[in-house]
file protein.pdb (PDB, C-alpha atoms)
ATOM      1  CA  MET K   9      43.292 109.527  45.203  1.00  0.00           C
ATOM      2  CA  GLY K  10      46.558 107.845  44.256  1.00  0.00           C
ATOM      3  CA  LEU K  11      47.236 104.433  42.847  1.00  0.00           C
ATOM      4  CA  PHE K  12      48.547 103.123  46.182  1.00  0.00           C
ATOM      5  CA  GLU K  13      45.287 104.117  47.888  1.00  0.00           C
ATOM      6  CA  ASP K  14      43.305 102.373  45.116  1.00  0.00           C
ATOM      7  CA  ILE K  15      45.297  99.189  45.695  1.00  0.00           C
ATOM      8  CA  ASP K  16      44.764  99.439  49.444  1.00  0.00           C
ATOM      9  CA  ARG K  17      41.015  99.931  48.968  1.00  0.00           C
ATOM     10  CA  ASP K  18      40.816  97.022  46.513  1.00  0.00           C
ATOM     11  CA  LEU K  19      42.733  94.850  48.974  1.00  0.00           C
ATOM     12  CA  VAL K  20      40.046  95.470  51.608  1.00  0.00           C
ATOM     13  CA  THR K  21      37.325  94.704  49.055  1.00  0.00           C
ATOM     14  CA  ALA K  22      39.062  91.448  48.060  1.00  0.00           C
ATOM     15  CA  ARG K  23      39.280  90.488  51.721  1.00  0.00           C
ATOM     16  CA  LYS K  24      35.547  91.112  52.203  1.00  0.00           C
ATOM     17  CA  GLU K  25      34.670  89.202  49.017  1.00  0.00           C
ATOM     18  CA  ARG K  26      37.098  86.380  49.918  1.00  0.00           C
ATOM     19  CA  ASP K  27      38.706  86.639  46.480  1.00  0.00           C
ATOM     20  CA  GLN K  28      41.917  84.725  47.157  1.00  0.00           C
ATOM     21  CA  VAL K  29      43.696  85.547  43.898  1.00  0.00           C
ATOM     22  CA  ARG K  30      43.191  89.304  44.265  1.00  0.00           C
ATOM     23  CA  LEU K  31      43.843  89.156  48.018  1.00  0.00           C
ATOM     24  CA  VAL K  32      47.193  87.392  47.658  1.00  0.00           C
ATOM     25  CA  THR K  33      48.286  89.406  44.621  1.00  0.00           C
ATOM     26  CA  LEU K  34      47.394  92.805  46.067  1.00  0.00           C
ATOM     27  CA  GLY K  35      48.838  91.889  49.460  1.00  0.00           C
ATOM     28  CA  LEU K  36      52.186  91.007  47.886  1.00  0.00           C
ATOM     29  CA  LEU K  37      52.033  94.102  45.702  1.00  0.00           C
ATOM     30  CA  LYS K  38      51.424  96.332  48.695  1.00  0.00           C
ATOM     31  CA  THR K  39      54.365  94.722  50.503  1.00  0.00           C
ATOM     32  CA  GLU K  40      56.651  95.323  47.504  1.00  0.00           C
ATOM     33  CA  VAL K  41      55.553  98.967  47.235  1.00  0.00           C
ATOM     34  CA  VAL K  42      56.277  99.555  50.928  1.00  0.00           C
ATOM     35  CA  ARG K  43      59.654  97.844  50.504  1.00  0.00           C
ATOM     36  CA  ALA K  44      60.436 100.082  47.497  1.00  0.00           C
ATOM     37  CA  VAL K  45      59.472 103.197  49.460  1.00  0.00           C
ATOM     38  CA  LYS K  46      61.823 102.221  52.295  1.00  0.00           C
ATOM     39  CA  ALA K  47      64.707 101.368  49.963  1.00  0.00           C
ATOM     40  CA  PRO K  48      67.797 103.567  50.232  1.00  0.00           C
ATOM     41  CA  GLY K  49      67.712 106.397  47.728  1.00  0.00           C
ATOM     42  CA  SER K  50      63.956 106.313  47.171  1.00  0.00           C
ATOM     43  CA  SER K  51      61.728 109.343  47.560  1.00  0.00           C
ATOM     44  CA  SER K  52      60.068 107.761  50.643  1.00  0.00           C
ATOM     45  CA  VAL K  53      56.669 108.496  49.093  1.00  0.00           C
ATOM     46  CA  ALA K  54      54.470 105.968  47.299  1.00  0.00           C
ATOM     47  CA  ASP K  55      53.779 108.186  44.284  1.00  0.00           C
ATOM     48  CA  ASP K  56      52.032 106.754  41.236  1.00  0.00           C
ATOM     49  CA  GLU K  57      55.239 106.393  39.212  1.00  0.00           C
ATOM     50  CA  LEU K  58      56.918 104.296  41.907  1.00  0.00           C
ATOM     51  CA  VAL K  59      53.824 102.128  42.234  1.00  0.00           C
ATOM     52  CA  ARG K  60      53.665 101.619  38.451  1.00  0.00           C
ATOM     53  CA  ARG K  61      57.333 100.601  38.387  1.00  0.00           C
ATOM     54  CA  VAL K  62      56.705  98.026  41.117  1.00  0.00           C
ATOM     55  CA  ILE K  63      53.594  96.756  39.323  1.00  0.00           C
ATOM     56  CA  ARG K  64      55.527  96.349  36.059  1.00  0.00           C
ATOM     57  CA  LYS K  65      58.296  94.484  37.889  1.00  0.00           C
ATOM     58  CA  GLU K  66      55.802  92.157  39.575  1.00  0.00           C
ATOM     59  CA  LEU K  67      53.914  91.666  36.300  1.00  0.00           C
ATOM     60  CA  ASN K  68      57.142  90.653  34.555  1.00  0.00           C
ATOM     61  CA  ARG K  69      57.833  88.154  37.345  1.00  0.00           C
ATOM     62  CA  ARG K  70      54.382  86.601  36.946  1.00  0.00           C
ATOM     63  CA  GLU K  71      54.656  86.406  33.157  1.00  0.00           C
ATOM     64  CA  GLU K  72      58.105  84.801  33.319  1.00  0.00           C
ATOM     65  CA  ALA K  73      56.943  82.331  35.951  1.00  0.00           C
ATOM     66  CA  ALA K  74      53.889  81.422  33.868  1.00  0.00           C
ATOM     67  CA  HIS K  75      56.140  80.812  30.868  1.00  0.00           C
ATOM     68  CA  VAL K  76      58.490  78.597  32.907  1.00  0.00           C
ATOM     69  CA  TYR K  77      55.605  76.620  34.402  1.00  0.00           C
ATOM     70  CA  THR K  78      54.049  76.124  30.968  1.00  0.00           C
ATOM     71  CA  ALA K  79      57.372  74.904  29.558  1.00  0.00           C
ATOM     72  CA  ALA K  80      57.726  72.532  32.517  1.00  0.00           C
ATOM     73  CA  GLY K  81      54.284  71.037  31.891  1.00  0.00           C
ATOM     74  CA  ARG K  82      52.598  72.549  34.942  1.00  0.00           C
ATOM     75  CA  PRO K  83      49.472  74.251  33.571  1.00  0.00           C
ATOM     76  CA  ASP K  84      47.904  74.597  37.049  1.00  0.00           C
ATOM     77  CA  ALA K  85      50.784  76.713  38.363  1.00  0.00           C
ATOM     78  CA  ALA K  86      50.970  78.637  35.079  1.00  0.00           C
ATOM     79  CA  GLY K  87      47.252  79.429  35.332  1.00  0.00           C
ATOM     80  CA  LYS K  88      47.717  80.780  38.858  1.00  0.00           C
ATOM     81  CA  GLU K  89      50.537  83.058  37.707  1.00  0.00           C
ATOM     82  CA  GLU K  90      48.496  84.257  34.725  1.00  0.00           C
ATOM     83  CA  ALA K  91      45.521  85.034  36.983  1.00  0.00           C
ATOM     84  CA  GLU K  92      47.774  87.119  39.243  1.00  0.00           C
ATOM     85  CA  ALA K  93      49.242  88.871  36.188  1.00  0.00           C
ATOM     86  CA  GLU K  94      45.723  89.786  35.057  1.00  0.00           C
ATOM     87  CA  VAL K  95      45.018  91.396  38.444  1.00  0.00           C
ATOM     88  CA  LEU K  96      48.207  93.463  38.127  1.00  0.00           C
ATOM     89  CA  ARG K  97      47.474  94.545  34.527  1.00  0.00           C
ATOM     90  CA  ALA K  98      44.287  96.237  35.720  1.00  0.00           C
ATOM     91  CA  TYR K  99      46.406  98.862  37.509  1.00  0.00           C
ATOM     92  CA  LEU K 100      48.573  99.790  34.522  1.00  0.00           C
ATOM     93  CA  PRO K 101      47.587 102.130  31.700  1.00  0.00           C
ATOM     94  CA  ALA K 102      46.669 100.473  28.421  1.00  0.00           C
ATOM     95  CA  GLN K 103      49.657  99.679  26.229  1.00  0.00           C
ATOM     96  CA  LEU K 104      49.908 101.328  22.832  1.00  0.00           C
ATOM     97  CA  SER K 105      49.337  99.185  19.766  1.00  0.00           C
ATOM     98  CA  ASP K 106      52.254  98.734  17.368  1.00  0.00           C
ATOM     99  CA  GLU K 107      50.759 101.254  14.950  1.00  0.00           C
ATOM    100  CA  GLU K 108      50.193 103.868  17.672  1.00  0.00           C
ATOM    101  CA  LEU K 109      53.700 103.284  19.021  1.00  0.00           C
ATOM    102  CA  GLU K 110      55.267 103.726  15.607  1.00  0.00           C
ATOM    103  CA  ALA K 111      53.277 106.934  15.029  1.00  0.00           C
ATOM    104  CA  GLU K 112      54.459 108.350  18.371  1.00  0.00           C
ATOM    105  CA  VAL K 113      58.102 107.426  17.688  1.00  0.00           C
ATOM    106  CA  ARG K 114      57.782 108.876  14.180  1.00  0.00           C
ATOM    107  CA  ALA K 115      56.597 112.160  15.774  1.00  0.00           C
ATOM    108  CA  VAL K 116      59.597 112.115  18.124  1.00  0.00           C
ATOM    109  CA  VAL K 117      61.952 111.514  15.193  1.00  0.00           C
ATOM    110  CA  ALA K 118      60.384 114.458  13.342  1.00  0.00           C
ATOM    111  CA  GLU K 119      60.801 116.620  16.438  1.00  0.00           C
ATOM    112  CA  VAL K 120      64.387 115.603  17.270  1.00  0.00           C
ATOM    113  CA  ARG K 121      65.584 115.415  13.634  1.00  0.00           C
ATOM    114  CA  PRO K 122      68.369 112.881  14.185  1.00  0.00           C
ATOM    115  CA  GLN K 123      71.342 112.797  11.826  1.00  0.00           C
ATOM    116  CA  GLY K 124      71.128 109.008  11.583  1.00  0.00           C
ATOM    117  CA  PRO K 125      71.443 105.913  13.753  1.00  0.00           C
ATOM    118  CA  ARG K 126      74.113 107.572  15.899  1.00  0.00           C
ATOM    119  CA  ASP K 127      71.401 109.805  17.447  1.00  0.00           C
ATOM    120  CA  PHE K 128      69.476 106.757  18.653  1.00  0.00           C
ATOM    121  CA  GLY K 129      70.103 107.691  22.305  1.00  0.00           C
ATOM    122  CA  THR K 130      68.592 111.147  21.871  1.00  0.00           C
ATOM    123  CA  VAL K 131      65.488 109.721  20.199  1.00  0.00           C
ATOM    124  CA  MET K 132      65.146 107.088  22.930  1.00  0.00           C
ATOM    125  CA  ARG K 133      65.469 109.655  25.715  1.00  0.00           C
ATOM    126  CA  VAL K 134      62.661 111.821  24.305  1.00  0.00           C
ATOM    127  CA  ALA K 135      60.461 108.877  23.268  1.00  0.00           C
ATOM    128  CA  SER K 136      60.839 107.099  26.617  1.00  0.00           C
ATOM    129  CA  ALA K 137      59.826 110.218  28.501  1.00  0.00           C
ATOM    130  CA  ARG K 138      56.836 110.795  26.243  1.00  0.00           C
ATOM    131  CA  LEU K 139      55.644 107.168  26.262  1.00  0.00           C
ATOM    132  CA  ALA K 140      56.376 106.317  29.898  1.00  0.00           C
ATOM    133  CA  GLY K 141      53.953 103.700  31.146  1.00  0.00           C
ATOM    134  CA  ARG K 142      52.279 103.268  27.767  1.00  0.00           C
ATOM    135  CA  ALA K 143      54.974 101.199  26.044  1.00  0.00           C
ATOM    136  CA  GLU K 144      57.901  99.074  27.178  1.00  0.00           C
ATOM    137  CA  GLY K 145      61.413 100.279  26.484  1.00  0.00           C
ATOM    138  CA  GLY K 146      62.207  97.331  24.233  1.00  0.00           C
ATOM    139  CA  ARG K 147      59.245  98.065  21.979  1.00  0.00           C
ATOM    140  CA  ILE K 148      60.184 101.759  21.841  1.00  0.00           C
ATOM    141  CA  ALA K 149      63.782 100.857  20.948  1.00  0.00           C
ATOM    142  CA  ALA K 150      62.675  98.453  18.208  1.00  0.00           C
ATOM    143  CA  ALA K 151      60.434 101.088  16.626  1.00  0.00           C
ATOM    144  CA  ALA K 152      63.182 103.726  16.861  1.00  0.00           C
ATOM    145  CA  ARG K 153      65.729 101.384  15.240  1.00  0.00           C
ATOM    146  CA  ARG K 154      63.316 100.624  12.401  1.00  0.00           C
ATOM    147  CA  LEU K 155      62.732 104.315  11.748  1.00  0.00           C
ATOM    148  CA  LEU K 156      66.394 105.335  12.074  1.00  0.00           C
ATOM    149  CA  GLY K 157      67.832 102.314  10.240  1.00  0.00           C
TER
END

call {"tool": "encode", "arguments": {"input": "protein.pdb", "output": "structure tokens"}}
result
Amino acid sequence: MGLFEDIDRDLVTARKERDQVRLVTLGLLKTEVVRAVKAPGSSSVADDELVRRVIRKELNRREEAAHVYTAAGRPDAAGKEEAEAEVLRAYLPAQLSDEELEAEVRAVVAEVRPQGPRDFGTVMRVASARLAGRAEGGRIAAAARRLLG
């Protein structure tokens, strides 16, 4: 069973349990996944990778909105956004800790054997493929720069 089917099943469960936060969040998520599937140039299939990309995009939106609401002195709206972000995080794989990330990037550096900082792109290409979904690109880049610098 794929991730999209899990979300659809959980949406029905949230509707039965009258869980408004999950119902609204999963409903919007499902809409965004369908929109991404219908977008020009997409594979027209809701595979797990596409769904994870949409979830990450929606999670970033919620986190940014929560930050803006907090800065504007609106803790009620920020709390709502954070609750929705928590629902979305449940569908993503666990993120690597900084130590685990550095160990993985160190292994990539040992495998690729870069000649210095100029081979940053090669290290990033291999590391991003290996760590897809388990670490954000910015964190991977920071670890690679530290190790190559």

call {"tool": "resolve_selection", "arguments": {"input": "protein.pdb", "expression": "the PyMOL selection byres ((chain K and resi 58) around 12)", "output": "MDAnalysis selection string"}}
result
chainID K and resid 10:12 37:38 40:47 50:57 59:65 141

call {"tool": "closest_residue", "arguments": {"input": "protein.pdb", "among": "K:Ala143, K:Val20, K:Leu156, K:Ala86", "to": "Phe128 in chain K", "atoms": "all atoms listed in the file"}}
result
K:Leu156

call {"tool": "atom_distance", "arguments": {"input": "protein.pdb", "atom1": "CA of Ala150 in chain K", "atom2": "CA of Gln123 in chain K"}}
result
17.9 Å

call {"tool": "atom_distance", "arguments": {"input": "protein.pdb", "atom1": "CA of Glu144 in chain K", "atom2": "CA of Leu109 in chain K"}}
result
10.1 Å

call {"tool": "atom_distance", "arguments": {"input": "protein.pdb", "atom1": "CA of Ala73 in chain K", "atom2": "CA of Asp14 in chain K"}}
result
25.9 Å

call {"tool": "residues_near_point", "arguments": {"input": "protein.pdb", "point": "(51.4, 99.2, 27.0)", "cutoff": "10 Å", "atoms": "only C-alpha atoms", "output": "ChimeraX atom specification"}}
result
/K:97,100-106,109,139-144,147

call {"tool": "resolve_selection", "arguments": {"input": "protein.pdb", "expression": "the PyMOL selection byres ((chain K and resi 129) around 12)", "output": "VMD selection string"}}
result
chain K and resid 117 120 122 to 128 130 to 136 148 to 149 152 to 153 156

call {"tool": "residues_around", "arguments": {"input": "protein.pdb", "residues": "Arg70 in chain K", "least_positions_apart": "2", "cutoff": "6 Å", "atoms": "all atoms listed in the file", "output": "PyMOL selection string"}}
result
chain K and resi 67-68+72-73+89+93

call {"tool": "write_last_selection", "arguments": {"input": "protein.pdb", "atoms": "C-alpha atoms", "output": "mmCIF file, in the coordinates of the input"}}
result
data_model
loop_
_atom_site.group_PDB
_atom_site.id
_atom_site.type_symbol
_atom_site.label_atom_id
_atom_site.label_comp_id
_atom_site.auth_asym_id
_atom_site.auth_seq_id
_atom_site.Cartn_x
_atom_site.Cartn_y
_atom_site.Cartn_z
ATOM 1 C CA LEU K 67 53.914 91.666 36.300
ATOM 2 C CA ASN K 68 57.142 90.653 34.555
ATOM 3 C CA GLU K 72 58.105 84.801 33.319
ATOM 4 C CA ALA K 73 56.943 82.331 35.951
ATOM 5 C CA GLU K 89 50.537 83.058 37.707
ATOM 6 C CA ALA K 93 49.242 88.871 36.188
#

call {"tool": "closest_residue", "arguments": {"input": "protein.pdb", "among": "K:Glu110, K:Glu119, K:Asp16, K:Glu94", "to": "Arg154 in chain K", "atoms": "only C-alpha atoms"}}
result
K:Glu110

call {"tool": "residues_around", "arguments": {"input": "protein.pdb", "residues": "Lys88 in chain K", "least_positions_apart": "6", "cutoff": "12 Å", "atoms": "only C-alpha atoms", "output": "VMD selection string"}}
result
chain K and resid 28 to 30 32 to 33 70 to 71 73 to 75 77 to 78 82 94 to 95

call {"tool": "closest_residue", "arguments": {"input": "protein.pdb", "among": "K:Gly35, K:Ala115, K:Arg121, K:Ala151", "to": "Ala22 in chain K", "atoms": "only C-alpha atoms"}}
result
K:Gly35

call {"tool": "build_atoms", "arguments": {"input": "protein.pdb", "residues": "range 41-75 of chain K", "atoms": "N, CA and C atoms", "output": "mmCIF file, in the coordinates of the input"}}
result
data_model
loop_
_atom_site.group_PDB
_atom_site.id
_atom_site.type_symbol
_atom_site.label_atom_id
_atom_site.label_comp_id
_atom_site.auth_asym_id
_atom_site.auth_seq_id
_atom_site.Cartn_x
_atom_site.Cartn_y
_atom_site.Cartn_z
ATOM 1 N N VAL K 41 55.562 97.502 47.331
ATOM 2 C CA VAL K 41 55.553 98.967 47.235
ATOM 3 C C VAL K 41 56.142 99.567 48.515
ATOM 4 N N VAL K 42 55.743 99.050 49.656
ATOM 5 C CA VAL K 42 56.277 99.555 50.928
ATOM 6 C C VAL K 42 57.784 99.320 50.992
ATOM 7 N N ARG K 43 58.226 98.147 50.525
ATOM 8 C CA ARG K 43 59.654 97.844 50.504
ATOM 9 C C ARG K 43 60.393 98.819 49.580
ATOM 10 N N ALA K 44 59.801 99.149 48.432
ATOM 11 C CA ALA K 44 60.436 100.082 47.497
ATOM 12 C C ALA K 44 60.503 101.491 48.080
ATOM 13 N N VAL K 45 59.487 101.873 48.835
ATOM 14 C CA VAL K 45 59.472 103.197 49.460
ATOM 15 C C VAL K 45 60.571 103.302 50.510
ATOM 16 N N LYS K 46 60.824 102.211 51.227
ATOM 17 C CA LYS K 46 61.823 102.221 52.295
ATOM 18 C C LYS K 46 63.238 101.974 51.790
ATOM 19 N N ALA K 47 63.384 101.654 50.523
ATOM 20 C CA ALA K 47 64.707 101.368 49.963
ATOM 21 C C ALA K 47 65.587 102.612 50.007
ATOM 22 N N PRO K 48 66.887 102.420 50.227
ATOM 23 C CA PRO K 48 67.797 103.567 50.232
ATOM 24 C C PRO K 48 67.770 104.284 48.882
ATOM 25 N N GLY K 49 67.706 105.599 48.940
ATOM 26 C CA GLY K 49 67.712 106.397 47.728
ATOM 27 C C GLY K 49 66.342 106.635 47.123
ATOM 28 N N SER K 50 65.293 106.075 47.718
ATOM 29 C CA SER K 50 63.956 106.313 47.171
ATOM 30 C C SER K 50 63.398 107.606 47.743
ATOM 31 N N SER K 51 62.307 108.061 47.157
ATOM 32 C CA SER K 51 61.728 109.343 47.560
ATOM 33 C C SER K 51 60.941 109.240 48.856
ATOM 34 N N SER K 52 60.814 108.053 49.417
ATOM 35 C CA SER K 52 60.068 107.761 50.643
ATOM 36 C C SER K 52 58.598 108.175 50.562
ATOM 37 N N VAL K 53 58.078 108.219 49.328
ATOM 38 C CA VAL K 53 56.669 108.496 49.093
ATOM 39 C C VAL K 53 56.185 107.515 48.036
ATOM 40 N N ALA K 54 55.022 106.927 48.257
ATOM 41 C CA ALA K 54 54.470 105.968 47.299
ATOM 42 C C ALA K 54 53.701 106.720 46.210
ATOM 43 N N ASP K 55 54.442 107.470 45.376
ATOM 44 C CA ASP K 55 53.779 108.186 44.284
ATOM 45 C C ASP K 55 53.396 107.189 43.190
ATOM 46 N N ASP K 56 52.562 107.642 42.266
ATOM 47 C CA ASP K 56 52.032 106.754 41.236
ATOM 48 C C ASP K 56 53.130 106.156 40.356
ATOM 49 N N GLU K 57 54.169 106.903 40.071
ATOM 50 C CA GLU K 57 55.239 106.393 39.212
ATOM 51 C C GLU K 57 55.981 105.235 39.885
ATOM 52 N N LEU K 58 56.267 105.373 41.172
ATOM 53 C CA LEU K 58 56.918 104.296 41.907
ATOM 54 C C LEU K 58 56.029 103.056 41.934
ATOM 55 N N VAL K 59 54.756 103.253 42.183
ATOM 56 C CA VAL K 59 53.824 102.128 42.234
ATOM 57 C C VAL K 59 53.745 101.447 40.873
ATOM 58 N N ARG K 60 53.710 102.216 39.792
ATOM 59 C CA ARG K 60 53.665 101.619 38.451
ATOM 60 C C ARG K 60 54.927 100.818 38.149
ATOM 61 N N ARG K 61 56.087 101.340 38.595
ATOM 62 C CA ARG K 61 57.333 100.601 38.387
ATOM 63 C C ARG K 61 57.292 99.259 39.107
ATOM 64 N N VAL K 62 56.799 99.264 40.336
ATOM 65 C CA VAL K 62 56.705 98.026 41.117
ATOM 66 C C VAL K 62 55.709 97.076 40.455
ATOM 67 N N ILE K 63 54.593 97.602 39.982
ATOM 68 C CA ILE K 63 53.594 96.756 39.323
ATOM 69 C C ILE K 63 54.187 96.121 38.070
ATOM 70 N N ARG K 64 54.913 96.903 37.274
ATOM 71 C CA ARG K 64 55.527 96.349 36.059
ATOM 72 C C ARG K 64 56.534 95.254 36.409
ATOM 73 N N LYS K 65 57.313 95.485 37.470
ATOM 74 C CA LYS K 65 58.296 94.484 37.889
ATOM 75 C C LYS K 65 57.594 93.202 38.325
ATOM 76 N N GLU K 66 56.549 93.334 39.110
ATOM 77 C CA GLU K 66 55.802 92.157 39.575
ATOM 78 C C GLU K 66 55.086 91.465 38.421
ATOM 79 N N LEU K 67 54.576 92.244 37.470
ATOM 80 C CA LEU K 67 53.914 91.666 36.300
ATOM 81 C C LEU K 67 54.907 90.853 35.483
ATOM 82 N N ASN K 68 56.114 91.394 35.287
ATOM 83 C CA ASN K 68 57.142 90.653 34.555
ATOM 84 C C ASN K 68 57.477 89.350 35.270
ATOM 85 N N ARG K 69 57.556 89.383 36.588
ATOM 86 C CA ARG K 69 57.833 88.154 37.345
ATOM 87 C C ARG K 69 56.751 87.109 37.100
ATOM 88 N N ARG K 70 55.496 87.544 37.148
ATOM 89 C CA ARG K 70 54.382 86.601 36.946
ATOM 90 C C ARG K 70 54.394 86.018 35.536
ATOM 91 N N GLU K 71 54.645 86.880 34.542
ATOM 92 C CA GLU K 71 54.656 86.406 33.157
ATOM 93 C C GLU K 71 55.793 85.427 32.914
ATOM 94 N N GLU K 72 56.976 85.722 33.463
ATOM 95 C CA GLU K 72 58.105 84.801 33.319
ATOM 96 C C GLU K 72 57.830 83.481 34.017
ATOM 97 N N ALA K 73 57.255 83.552 35.211
ATOM 98 C CA ALA K 73 56.943 82.331 35.951
ATOM 99 C C ALA K 73 55.908 81.497 35.197
ATOM 100 N N ALA K 74 54.903 82.148 34.632
ATOM 101 C CA ALA K 74 53.889 81.422 33.868
ATOM 102 C C ALA K 74 54.525 80.729 32.671
ATOM 103 N N HIS K 75 55.448 81.403 32.012
ATOM 104 C CA HIS K 75 56.140 80.812 30.868
ATOM 105 C C HIS K 75 56.953 79.584 31.304
#
